[in-house]
Every structure is written in structure tokens, then in C-alpha cells.
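Undergrad: Quick one: this structure, given as C-alpha cells, is what I'll be asking you about.
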Amino acid sequence: MSNAPLTNETVHRVSFLDKASLHIPILRILQADGTTYENAVLPVIDKTLAEKIFDTCVFTRVLDERMLGAQRQGRISFYMTCTGEEASIVGSTAALDKDDVILAQYREHASLRYRGFSTEQFMNQMFSNEKDLGKGRQMPIHYGSRELNYQTISSPLATQIPQATGVAYGMKLQGKRNVAICYFGEGAASEGDFHAGLNMAAVLKAPVIFFCRNNGYAISTPTEEQFAGNGIASRGVGYGMHTIRVDGNDMLAVLAATQQARAHAIEHNAPVLIEAMTYRLGAHSSSDDPSGYRSKEEEAKWQQHDPVKRFKLWMINKGWTSEADEAKLFERYREEVLAAVKVAEKLPIPKLDEIIEDVLDKPTPALRKQLKELKEHINKYPKAYPKSAGRL
Amino acid sequence: MAQMNMLHAINEALSIAMKADERMVIFGEDVGHFGGVFRATSGLQEQFGRDRCFNTPLTEQGIAGFANGLASYGMTAVAEIQFADYIFPAFDQIVNESAKFRYRSGNQFDVGGLTFRTPYGGGIAGGHYHSQSPEAYFTQTPGLKVVIPRNPEQAKGLLLAAIRDPNPVIFFEPKRLYRASVGEVPAGDYQIELGKAQVVKQGRDITVLAWGAQMEIVEKACERAEKEGISCEIIDLRTLAPWDVETVAKSVTKTGRLLINHEAPLTGGFAGEIAATIQQECFLSLESPISRVCGLDTPYPLIHEKEYMPDELKTFEAIKATVAF
Ligand SMILES: Cc1ncc(C[n+]2csc(CCOP(=O)(O)OP(=O)(O)O)c2C)c(N)n1
Ligand SMILES: [Mg+2]
């Protein structure tokens, strides 16, 4: 029957529901000291998986530290870190199959690393050199890899949310036992595309995991000025999908939630919403200075909840790593990243011909003419266009 | 008169308008306490309170729809869209609502108190999504005014006029010039009339027309041309919708030649509209085809930004070619 309510219970005096009517607990498995809660149900994880997760986190820390530094030195034009959010990003990606498609916002490079993006590939993108898979067309950190099922980042926020629903619906029609995962911030969740994407996924039964990184801020705007409801999770329930709120700084909680979300999505051809409560420890981007909108005390408080440290302590308790191992790993990646920077920054930029490629599948005659005229112009003034003159 | 940059001039205009009009509110992403990602609304929340200058949730369609509603109820709504590249989620509210509010109601309702401010344009290593010049999407929409200033003094006077204009206005701010453009700005309240182009330099041989950040590019190109004995008349269009046909036609009737420069892609760009109108108006005076120096017909690229831009040298070459035709 159309428009049937879930329950036929009726009341006979006015009584409103409010945001507290929906009780949303937070899944937490790991304690601060790296031990697990007594009654906690652990995710499926063995030493190999734990090591891969940890390795990805350490690499990401090093990449963020070094590349923010490189930006400050003027070697790259822009950078964004994901410091503080590694458990949310890596813990969720680690629950996926390599054929599951990732549609990210921009702060999820740890996820791409987990999938196998090489240090060199990161550098090629950030330095917009001729080996960049994106052909030097986008700002640093707008990665993408067809091979790794990671769709290329688009700056306009939330556009990937309904797209993820479309990808997942396609998977369903093609009979794949896969999911799409869609990452987005709690700020992006205010966009109309968020509503469209979640509602369509629920109605059309698409196997997609909506993964919200609720990190407290959208640039300067704190969550209190972003929404007045019970977080992002309450909305998932409203759209009729399985929903869970997790401690986003707890690697095991994120992993467990995403593993089960994936199983549910595939088994029932249904979307799931995960809201990960975390904190953006760094600035929004290299163009931002958080001292204008939040206190050092607040940042210091969240430093105490370092997700990588918490996971490391768990691994140490298991005997799977040690402080010394960690130090060695950091050392190795610092050297690797530094060496990769030196190589990538010396490579030339993509050839000018590429400027007209991929607008459509083939350049139009009009575009070819524009390129020809541009080349003639550059030949006339080679000194004014030093990066492309000489390799026309 | 005081020396200031364009951001400062815009901030001053907003503050003056807020003081003079207690129904005016300013809102958008990060514009409240923080003062906007470019700091254009810096200090306004402190000055006028949180009810009148505030952050919105992150939704451009929401911002535009909310602005329409506010303005329809007699408020003066000044909405910031953080980057012009992010105006597209608001496209429906602007094109189908702001632009048609008056017409569809037989002038019973209007959103004349509405102004959108938004930074546009390239030259800041912003790639696809922090560089676009989307003005032509809006100039093709009857019911909107489109304004673009070239320097701090113009920005202040045009913005004050835009806020007070009884029509919805989209005010595109050349972000490349936000801090780079510094100049004398008159103190206090003044307005520069919308819909009027300005001849910024008189000349005989060719009319060179641009707006916003491209003005300084064409000025430099004209300086080069002058050294080669070509006398250029330079016009800043300032308002693209409705545009000042009379001033441009008068100039072209005198010089016999026209070059139009804009950053947006060539095809479908506003230069096409200008060229069509001017060849109609000035056909018998034209001594050469109207020239357009524009962005390429590609998305705005990052690493080839320099090559993509309709820069000084390309403009200079086109001036010479047009005069030698
Ligand atoms: C449609 C659109 N509007 C505005 C912006 C500018 N912008 C970039 S990031 C950002 C904040 C996003 O916050 P959130 O979604 O919480 O993600 P976080 O940065 O916290 O990871 C804004 C406003 C944009 N990229 N796209
Ligand atoms: Mg956020």
C-alpha cells in the first residue's frame, strides 16, 4: 500500500519528537591504552592486515608532514593533510575489496595509499609533471586512479554522493558483489546532493556505503553552525537506511563497522551510512590558519586522541610492532618521500598538446586551430612561456 | 582618499551599506566570525551582530533560495558564494527564481534587494574549480544584472550601487586582484552607476574592451601597442548585463576597430554577444573584423594556466593584427 506508516500506533494528544528521540550510541572498541573493551566484538583482522593498516598510517603521516613543508617552501602550490582522521579513512578502506569503487572528497589520500598508489604517483600528481595520471590539470591532492578504482577528486563538494549511488546501482545491475564507498565531510552533507544521493540509494536499493568524516569543522564553520540535528547519523535513519555512528579515531571500530556495512550492503542491495566522529587536527588546507576560529586548547585536547597512536598501542600489545619498528618505518618513509620529491619536481610538465585532449573524446577542429595558434604565439615569445616553449 | 586593496574596499562598502540599511544582512559559507575565506567580510559580525552577518550551512542552493526568500520579504540580502566555481548548485535558484520573481508575478513580488558576491577568475594556480569565469551563463538570463569591477575604487562604488539597485545583481569579484590591486579609494558613501561602461583611455586606432581582472592585462598590451605607434582606446565594460552598447558603439564608430578580451572560453563567451551587436551597430565604420582574445575552449587547466590565459602578449599581437588587417 502506498504511504503506509511503519507502525499503526496512534496517539490522541499532541506530542512532538525531537532530536533526542533518536538514541544513537557510538561504537568504540579500542581504549586509549590500546586495550579493547571487555565485551567488544572485534573486526576480522590478522597480523598482515594490521601491518598494512599501520604502514599506510605511517606513510600518510610522513607524506602530510613533508608535503605541507614542501608547500611552505613554495615547491608545490597547495596541500591538505588528513592528520587525525587516519583511522576513519584507512579503517574503512581496509574493510573493502579492491574492486569496490571509492569516491572520495579530497582528504582521503590514505585510502588511495592503502589501495597501492605509489609514492612516485603521489608526487607526480602534486608536481603536475608529465607522469601525472591527471595530466597536470588539477590542483595538488586531486588524485585519481582507474587501476585502483579510485575516482578522480572533484573540488565541488558533495557531487560524488549521488554519483556513488549511480556507481553502486550499476554494480547491482552488472551482478557484481561489490560496493561503492563514498567519503564526505559533515559540511558537504549540507549540500542538496547529499539528500539526493542518500534518498536515491535507499529508494533504488543501491549497495553503497556513505562514509561521513565528521571532523568538527568545514573550514572555519563548526558543526554547531552546520546543523542543529543529531549529527549526520540521524539523517540515515530518516532515509530508511542502516546507520551507525563510530568513534572515528578508533581503527578497530571503524574497521568493524565498515566490514559489517559492506556485508549488509551486498546481501541486501542496500545503502549504509557510517558517521565517524573525528577531528581535523591540521588546518583546513595550506591556505588556512585555524587560529582565527579555534583555540589551541581544543586542538591539544584532540591531540590526546591520536588514532594512529591508539592503534599502535594495540599492535604493540599484540606483539605485532614496537616503538623501534615504528621509528624505523618513519625513517624509511621520510627518506623515500624526500627522494621522490627530488625526482618528481625535476620532471617536465605535460606537453602542451595535452591541453586540448580529453575535453571530448577527440579534439574538435576548432580546438586544434586554437592549439595551432597558441603554438605559433609561443614560438614567437618563447621566453614568456618557459615551461612549454622548447618542447612544442 | 585612502590607499587600499580591493578586499578592503569591498569590506568598506559592505560596512557602509549595513550601517545605512538596517534591513541588510550578509551571509554565506565562513563569512561570519572568520570573515570569509578571503576576509572580505572581516569584522562585520563584530560590528553588526550575528543576526545580520552569519555563517550558513554549506549549501549554495540553500544560500540562494534563502536569499530569494529574504529579499522577497523586503530585506536587503547580500549573499557570498565562496567561489564562482561553486555557484552552480545555486543555478536553479538564481536563473529560475531570482531572475523571474518579478516577471512571473506581474511585479507583485520581486527580489530586487538581492546581491550575490562571488570571487571569479584565474591566475592563482587554482585549476579547474577555483578559476572559472562563469559570467556568460548569467548574462544570458534576462532578469539579472551582472557587474564586475576592475580596481578598489570601482569595486566600492559599484558594490554600493549593486546592493541598492532594485534588481537582483551578481557581483563578480576578480580574486586575482583582491590583494594585488591597490589604489586610491574615496572615503564615505558613493555609487557608480550600473549599466555604464567607462572609457579609461582615449585613442584613435582601435577600441580595446575588457572588464575585471583583464583590464590591467589589456592596459599593458595597449602600452606596448602605443610604443609601436598604435593609439588604443580602452573601455571597461563594468556592467555586462545590461551592457552599455552606446558607449562601445560610439568608440568603435570613431576607431573603426574593436578587440574584446575575456578570460572565459571563447565559444559562447560574452565577447560573441558584443561582437554581434557592434557589427550591427557599426557595420559601416568597421575597418577590420572584430577580434576576440579569450580563454581556450577547454576546462581551466592548472599547469598550462599561463598558456591558457588571454594574456598581455596575445592581446598585443591581436591588436597589431587587427590594425594591420
Ligand atoms: C560546492 C562547494 N562549495 C564550497 C566549496 C569550498 N570548500 C572547500 S572545502 C569546504 C569545507 C568542507 O568541509 P567538510 O565537508 O566538513 O570537509 P572537511 O574539509 O572537514 O574534510 C568548503 C566550504 C567547495 N569546494 N564546493
Ligand atoms: Mg568537516
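Please note that chains go A, B, ... in the order of the C-alpha cells, that every chain numbers its residues from 1, and that ligands are numbered from 1 in the order shown.
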Determine, counting only C-alpha atoms, which protein, DNA and RNA residues have an atom within 8 Å of an atom of segment 259-268 of chain B; residues of the same chain fewer than 6 positions away are not included. Present the result as a list of chain:residue names.
TA: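 Returned residues: B:Gly121, B:Gly122, B:Gln132, B:Ser133, B:Pro134, B:Ala136, B:Ile206, B:Thr207, B:Val208, B:Leu209, B:Ala210, B:Trp211, B:Gln214, B:Val218, B:Ile290, B:Ser291, B:Arg292, B:Val293, B:Cys294, B:Gly295, B:Leu296, B:Asp297, B:Thr298, B:Met309, B:Pro310, B:Thr315, B:Ala318, B:Ile319, B:Thr322.
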Undergrad: Could you list the residues in chain B lying within 6 Å of chain A, using only C-alpha atoms, and format the result as number ranges by chain?
TA: B: 30, 57-59, 127, 301-303
Undergrad: Closest to ligand 1 among B:Tyr120, B:Phe270, B:Tyr129, B:Phe48, using only C-alpha atoms and all ligand atoms?
TA: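 Checking each candidate against ligand 1, we get B:Tyr129 as the closest.
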Undergrad: Using only C-alpha atoms, which residues sit within 10 Å of segment 148-161 of chain B once same-chain residues fewer than 6 positions away are excluded, as JSON, numbers by chain?
TA: {"B": [1, 2, 3, 4, 5, 6, 7, 8, 9, 10, 11, 12, 13, 14, 15, 16, 17, 115, 117, 119, 120, 135, 169, 170, 171, 172, 173, 174, 177, 178, 179, 180, 181, 182, 183, 184, 185, 186, 187, 188, 189, 190, 191, 192, 193, 194, 210, 211, 212, 213, 214, 215, 216, 236, 237, 238, 239, 240]}
Undergrad: As an mmCIF file with all heavy atoms, in the first residue's frame, please: the residues near Gly112 of chain B (cut-off 8 Å, only C-alpha atoms, same-chain neighbours under 5 positions excluded).
TA:
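Resulting contents of out.cif:
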```cif
data_model
loop_
_atom_site.group_PDB
_atom_site.id
_atom_site.type_symbol
_atom_site.label_atom_id
_atom_site.label_comp_id
_atom_site.auth_asym_id
_atom_site.auth_seq_id
_atom_site.Cartn_x
_atom_site.Cartn_y
_atom_site.Cartn_z
ATOM 1 N N ALA B 71 14.834 38.430 0.354
ATOM 2 C CA ALA B 71 14.648 39.614 -0.484
ATOM 3 C C ALA B 71 13.178 39.780 -0.857
ATOM 4 O O ALA B 71 12.665 40.902 -0.928
ATOM 5 C CB ALA B 71 15.517 39.519 -1.737
ATOM 6 N N SER B 72 12.476 38.685 -1.057
ATOM 7 C CA SER B 72 11.058 38.783 -1.429
ATOM 8 C C SER B 72 10.242 39.352 -0.268
ATOM 9 O O SER B 72 9.135 39.835 -0.451
ATOM 10 C CB SER B 72 10.508 37.405 -1.814
ATOM 11 O OG SER B 72 10.267 36.630 -0.654
ATOM 12 N N ASP B 165 20.618 48.598 -5.899
ATOM 13 C CA ASP B 165 19.860 48.505 -7.141
ATOM 14 C C ASP B 165 18.586 47.689 -6.896
ATOM 15 O O ASP B 165 18.625 46.665 -6.219
ATOM 16 C CB ASP B 165 20.725 47.822 -8.209
ATOM 17 C CG ASP B 165 20.091 47.888 -9.583
ATOM 18 O OD1 ASP B 165 19.276 46.992 -9.903
ATOM 19 O OD2 ASP B 165 20.394 48.841 -10.323
ATOM 20 N N PRO B 166 17.464 48.119 -7.455
ATOM 21 C CA PRO B 166 16.213 47.393 -7.190
ATOM 22 C C PRO B 166 16.045 46.130 -8.037
ATOM 23 O O PRO B 166 14.918 45.744 -8.362
ATOM 24 C CB PRO B 166 15.141 48.445 -7.526
ATOM 25 C CG PRO B 166 15.780 49.336 -8.523
ATOM 26 C CD PRO B 166 17.244 49.368 -8.208
ATOM 27 N N ASN B 167 17.145 45.503 -8.391
ATOM 28 C CA ASN B 167 17.115 44.259 -9.158
ATOM 29 C C ASN B 167 18.145 43.297 -8.580
ATOM 30 O O ASN B 167 19.121 43.735 -7.981
ATOM 31 C CB ASN B 167 17.499 44.528 -10.625
ATOM 32 C CG ASN B 167 16.475 45.410 -11.314
ATOM 33 O OD1 ASN B 167 15.393 44.962 -11.659
ATOM 34 N ND2 ASN B 167 16.806 46.689 -11.475
ATOM 35 N N PRO B 168 17.953 42.001 -8.801
ATOM 36 C CA PRO B 168 18.993 41.069 -8.350
ATOM 37 C C PRO B 168 20.272 41.269 -9.159
ATOM 38 O O PRO B 168 20.220 41.376 -10.384
ATOM 39 C CB PRO B 168 18.386 39.686 -8.597
ATOM 40 C CG PRO B 168 17.269 39.884 -9.557
ATOM 41 C CD PRO B 168 16.789 41.297 -9.402
#
```
Undergrad: Hey, what does DSSP flag as helix (DSSP H, G or I) within segment 31-240 of chain A? Can you give it to me as number ranges by chain?
TA: A: 47-72, 86-93, 109-115, 119-126, 160-173, 188-190, 192-204, 223-225, 233-239
Undergrad: Which residue out of B:Phe54, B:Trp243, B:Tyr300, B:Phe27 has the minimum interatomic distance to Val78 of chain B when only C-alpha atoms are used?
TA: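 Nearest to Val78 of chain B: B:Phe27.
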Undergrad: At a cut-off of 12 Å, can you tabulate as a Markdown table every residue of chain B near ligand 1 together with its closest atom pair and the distance in Å to one decimal, using only C-alpha atoms and all ligand atoms and ordering rows by chain then number?
TA:
```
| residue | atom | partner | partner_atom_place_in_ligand_line | distance |
| --- | --- | --- | --- | --- |
| B:Gly28 | CA | ligand 1 | 23 (C) | 9.6 |
| B:Glu29 | CA | ligand 1 | 23 (C) | 6.2 |
| B:Asp30 | CA | ligand 1 | 23 (C) | 7.5 |
| B:Val31 | CA | ligand 1 | 23 (C) | 10.6 |
| B:Gly36 | CA | ligand 1 | 23 (C) | 10.1 |
| B:Val37 | CA | ligand 1 | 23 (C) | 8.9 |
| B:Phe38 | CA | ligand 1 | 6 (C) | 11.7 |
| B:Asn55 | CA | ligand 1 | 23 (C) | 10.8 |
| B:Thr56 | CA | ligand 1 | 23 (C) | 10.3 |
| B:Pro57 | CA | ligand 1 | 23 (C) | 9.1 |
| B:Leu58 | CA | ligand 1 | 23 (C) | 6.1 |
| B:Thr59 | CA | ligand 1 | 3 (N) | 6.9 |
| B:Glu60 | CA | ligand 1 | 3 (N) | 6.7 |
| B:Gln61 | CA | ligand 1 | 1 (C) | 9.3 |
| B:Gly62 | CA | ligand 1 | 1 (C) | 11.3 |
| B:Ile63 | CA | ligand 1 | 3 (N) | 10.9 |
| B:Glu80 | CA | ligand 1 | 4 (C) | 10.7 |
| B:Ile81 | CA | ligand 1 | 4 (C) | 7.7 |
| B:Gln82 | CA | ligand 1 | 4 (C) | 6.0 |
| B:Phe83 | CA | ligand 1 | 4 (C) | 6.9 |
| B:Ala84 | CA | ligand 1 | 3 (N) | 9.3 |
| B:Asp85 | CA | ligand 1 | 1 (C) | 7.8 |
| B:Tyr86 | CA | ligand 1 | 1 (C) | 4.6 |
| B:Ile87 | CA | ligand 1 | 1 (C) | 7.4 |
| B:Phe88 | CA | ligand 1 | 1 (C) | 7.8 |
| B:Pro89 | CA | ligand 1 | 1 (C) | 6.8 |
| B:Ala90 | CA | ligand 1 | 1 (C) | 9.3 |
| B:Phe91 | CA | ligand 1 | 1 (C) | 11.6 |
| B:Thr118 | CA | ligand 1 | 4 (C) | 11.4 |
| B:Pro119 | CA | ligand 1 | 6 (C) | 11.8 |
| B:Gly126 | CA | ligand 1 | 25 (N) | 11.6 |
| B:His128 | CA | ligand 1 | 25 (N) | 11.3 |
| B:Tyr129 | CA | ligand 1 | 25 (N) | 7.9 |
| B:His130 | CA | ligand 1 | 25 (N) | 8.7 |
```
Undergrad: Could those residues be written to a file, using N, CA, C and O atoms, as a compact mmCIF listing (two decimals), in the first residue's frame?
TA:
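Output contents, as saved in part.txt:
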```
# COMPACT_ATOMS: atom_id res chain seq x y z
N GLY B 28 26.75 33.59 4.16
CA GLY B 28 27.44 32.69 3.23
C GLY B 28 28.35 31.77 4.02
O GLY B 28 28.38 31.82 5.25
N GLU B 29 29.10 30.94 3.30
CA GLU B 29 29.98 29.97 3.97
C GLU B 29 31.19 30.69 4.56
O GLU B 29 31.90 31.40 3.84
N ASP B 30 31.39 30.54 5.84
CA ASP B 30 32.56 31.07 6.56
C ASP B 30 32.62 32.60 6.62
O ASP B 30 33.65 33.17 6.98
N VAL B 31 31.54 33.29 6.31
CA VAL B 31 31.61 34.77 6.29
C VAL B 31 31.44 35.39 7.68
O VAL B 31 31.72 36.56 7.86
N GLY B 36 35.09 35.26 6.17
CA GLY B 36 35.20 34.79 4.78
C GLY B 36 36.58 34.25 4.48
O GLY B 36 37.57 34.69 5.06
N VAL B 37 36.67 33.30 3.53
CA VAL B 37 37.98 32.71 3.26
C VAL B 37 38.95 33.74 2.66
O VAL B 37 40.15 33.60 2.78
N PHE B 38 38.42 34.78 2.05
CA PHE B 38 39.30 35.86 1.57
C PHE B 38 39.29 37.06 2.51
O PHE B 38 39.91 38.08 2.23
N ASN B 55 27.39 32.84 9.30
CA ASN B 55 27.70 31.64 8.52
C ASN B 55 26.41 30.93 8.16
O ASN B 55 25.50 30.84 8.99
N THR B 56 26.39 30.38 6.97
CA THR B 56 25.28 29.48 6.64
C THR B 56 25.83 28.06 6.62
O THR B 56 27.03 27.87 6.50
N PRO B 57 24.96 27.07 6.70
CA PRO B 57 25.41 25.72 6.36
C PRO B 57 25.96 25.72 4.93
O PRO B 57 25.70 26.64 4.14
N LEU B 58 26.70 24.66 4.62
CA LEU B 58 27.44 24.59 3.37
C LEU B 58 26.51 24.16 2.22
O LEU B 58 26.48 22.99 1.86
N THR B 59 25.74 25.08 1.70
CA THR B 59 24.82 24.73 0.63
C THR B 59 24.49 25.96 -0.21
O THR B 59 23.78 26.86 0.22
N GLU B 60 25.04 25.99 -1.40
CA GLU B 60 24.84 27.17 -2.26
C GLU B 60 23.40 27.26 -2.73
O GLU B 60 22.85 28.36 -2.85
N GLN B 61 22.77 26.13 -2.98
CA GLN B 61 21.37 26.22 -3.40
C GLN B 61 20.54 26.75 -2.24
O GLN B 61 19.60 27.52 -2.44
N GLY B 62 20.91 26.35 -1.04
CA GLY B 62 20.22 26.85 0.14
C GLY B 62 20.45 28.35 0.32
O GLY B 62 19.52 29.11 0.60
N ILE B 63 21.69 28.76 0.15
CA ILE B 63 22.02 30.18 0.31
C ILE B 63 21.21 31.03 -0.67
O ILE B 63 20.60 32.04 -0.30
N GLU B 80 27.22 35.68 -0.10
CA GLU B 80 28.51 35.36 -0.70
C GLU B 80 28.51 33.90 -1.14
O GLU B 80 28.17 33.01 -0.37
N ILE B 81 28.90 33.68 -2.38
CA ILE B 81 29.20 32.32 -2.85
C ILE B 81 30.72 32.24 -2.84
O ILE B 81 31.40 33.02 -3.52
N GLN B 82 31.26 31.29 -2.08
CA GLN B 82 32.69 31.31 -1.75
C GLN B 82 33.62 31.39 -2.96
O GLN B 82 34.64 32.08 -2.92
N PHE B 83 33.28 30.70 -4.01
CA PHE B 83 33.99 30.80 -5.29
C PHE B 83 32.93 30.75 -6.39
O PHE B 83 31.97 29.97 -6.28
N ALA B 84 33.13 31.50 -7.46
CA ALA B 84 32.16 31.47 -8.56
C ALA B 84 32.01 30.06 -9.12
O ALA B 84 30.96 29.69 -9.62
N ASP B 85 33.07 29.26 -8.99
CA ASP B 85 33.01 27.87 -9.45
C ASP B 85 31.95 27.08 -8.68
O ASP B 85 31.51 26.03 -9.14
N TYR B 86 31.58 27.55 -7.52
CA TYR B 86 30.60 26.82 -6.69
C TYR B 86 29.23 27.46 -6.72
O TYR B 86 28.38 27.21 -5.87
N ILE B 87 29.00 28.29 -7.73
CA ILE B 87 27.69 28.93 -7.86
C ILE B 87 26.69 27.98 -8.53
O ILE B 87 25.49 28.19 -8.46
N PHE B 88 27.21 26.92 -9.14
CA PHE B 88 26.31 26.07 -9.93
C PHE B 88 25.24 25.32 -9.13
O PHE B 88 24.12 25.15 -9.63
N PRO B 89 25.52 24.88 -7.91
CA PRO B 89 24.39 24.30 -7.15
C PRO B 89 23.26 25.32 -6.94
O PRO B 89 22.12 24.95 -6.70
N ALA B 90 23.58 26.61 -7.06
CA ALA B 90 22.59 27.67 -6.86
C ALA B 90 21.96 28.12 -8.19
O ALA B 90 21.14 29.03 -8.21
N PHE B 91 22.37 27.48 -9.26
CA PHE B 91 21.98 27.95 -10.59
C PHE B 91 20.46 28.01 -10.75
O PHE B 91 19.90 28.98 -11.26
N THR B 118 30.64 37.11 -5.51
CA THR B 118 31.41 35.87 -5.66
C THR B 118 32.74 36.10 -6.38
O THR B 118 32.78 36.80 -7.38
N PRO B 119 33.83 35.57 -5.82
CA PRO B 119 35.14 35.72 -6.45
C PRO B 119 35.24 34.83 -7.69
O PRO B 119 34.85 33.67 -7.64
N GLY B 126 44.72 27.90 -9.42
CA GLY B 126 43.54 27.28 -8.81
C GLY B 126 42.95 26.13 -9.61
O GLY B 126 42.00 25.49 -9.14
N HIS B 128 40.89 23.76 -12.31
CA HIS B 128 39.51 23.77 -12.82
C HIS B 128 38.52 24.53 -11.97
O HIS B 128 37.64 25.20 -12.49
N TYR B 129 38.61 24.34 -10.64
CA TYR B 129 37.48 24.70 -9.79
C TYR B 129 37.73 25.89 -8.88
O TYR B 129 37.00 26.10 -7.91
N HIS B 130 38.78 26.64 -9.15
CA HIS B 130 38.99 27.89 -8.41
C HIS B 130 39.42 28.97 -9.38
O HIS B 130 40.15 29.88 -9.03
```
Undergrad: Could you jot down the atom CA of Ser234 of chain A to atom CA of Thr7 of chain A separation for me, Å, one decimal place?
TA: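 Result for atom CA of Ser234 of chain A versus atom CA of Thr7 of chain A: 18.9 Å, one decimal.
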Undergrad: Nearest residue to Glu273 of chain B out of B:Ser105, B:Gly35, B:Gln140, B:Ala321, using only C-alpha atoms?
TA: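 Checking each candidate against Glu273 of chain B, we get B:Gln140 as the closest.
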Undergrad: Looking only at the backbone, which of the residues in segment 204-295 of chain A does DSSP tag as strand (DSSP E), as a list in words?
TA: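 Going through segment 204-295 of chain A, the strand (DSSP E) residues come out as Val208, Ile209, Phe210, Phe211, Cys212, Arg213, Asn214, Tyr217, Ala218, Thr221, Pro222, His242, Thr243, Ile244, Arg245, Val246, Asp247, Val272, Leu273, Ile274, Glu275, Ala276 and Met277 of chain A.
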Undergrad: Could you jot down the atom CA of Lys320 of chain B to atom CA of Asn379 of chain A separation for me, Å, one decimal place?
TA: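 Going from atom CA of Lys320 of chain B over to atom CA of Asn379 of chain A, I get 17.1 Å.
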Undergrad: Compare A:Phe122, A:Phe311, A:Tyr333, A:Phe184 by their minimum atom-to-atom distance to ligand 2, counting only C-alpha atoms and all ligand atoms, and give me the closest one.
TA: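 Closest to ligand 2 of all the choices is A:Phe184.
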Undergrad: Residues near Ile45 of chain A, anyone? I mean within 12 Å using only C-alpha atoms, not counting same-chain ones fewer than 6 positions away, as a PyMOL selection string.
TA: chain A and resi 51-53+91+94-95+251-253+255-256+259+315+318
Undergrad: For Ala257 of chain A, which of A:Ile102, A:Ile209, A:Ser111, A:Glu345 is the closest residue, counting only C-alpha atoms?
TA: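 Of all the options, A:Ile209 lies closest to Ala257 of chain A.
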Undergrad: Calculated over only C-alpha atoms and all ligand atoms, which of the candidates A:Ala300, A:Ala276, A:Ala50, A:Ile161 has the smallest distance to ligand 2?
TA: A:Ala276
Undergrad: What is the atom CA of Gly144 of chain A-atom CA of His109 of chain A distance in Å, reported with one decimal?
TA: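 Interatomic distance, atom CA of Gly144 of chain A to atom CA of His109 of chain A: 9.7 Å.
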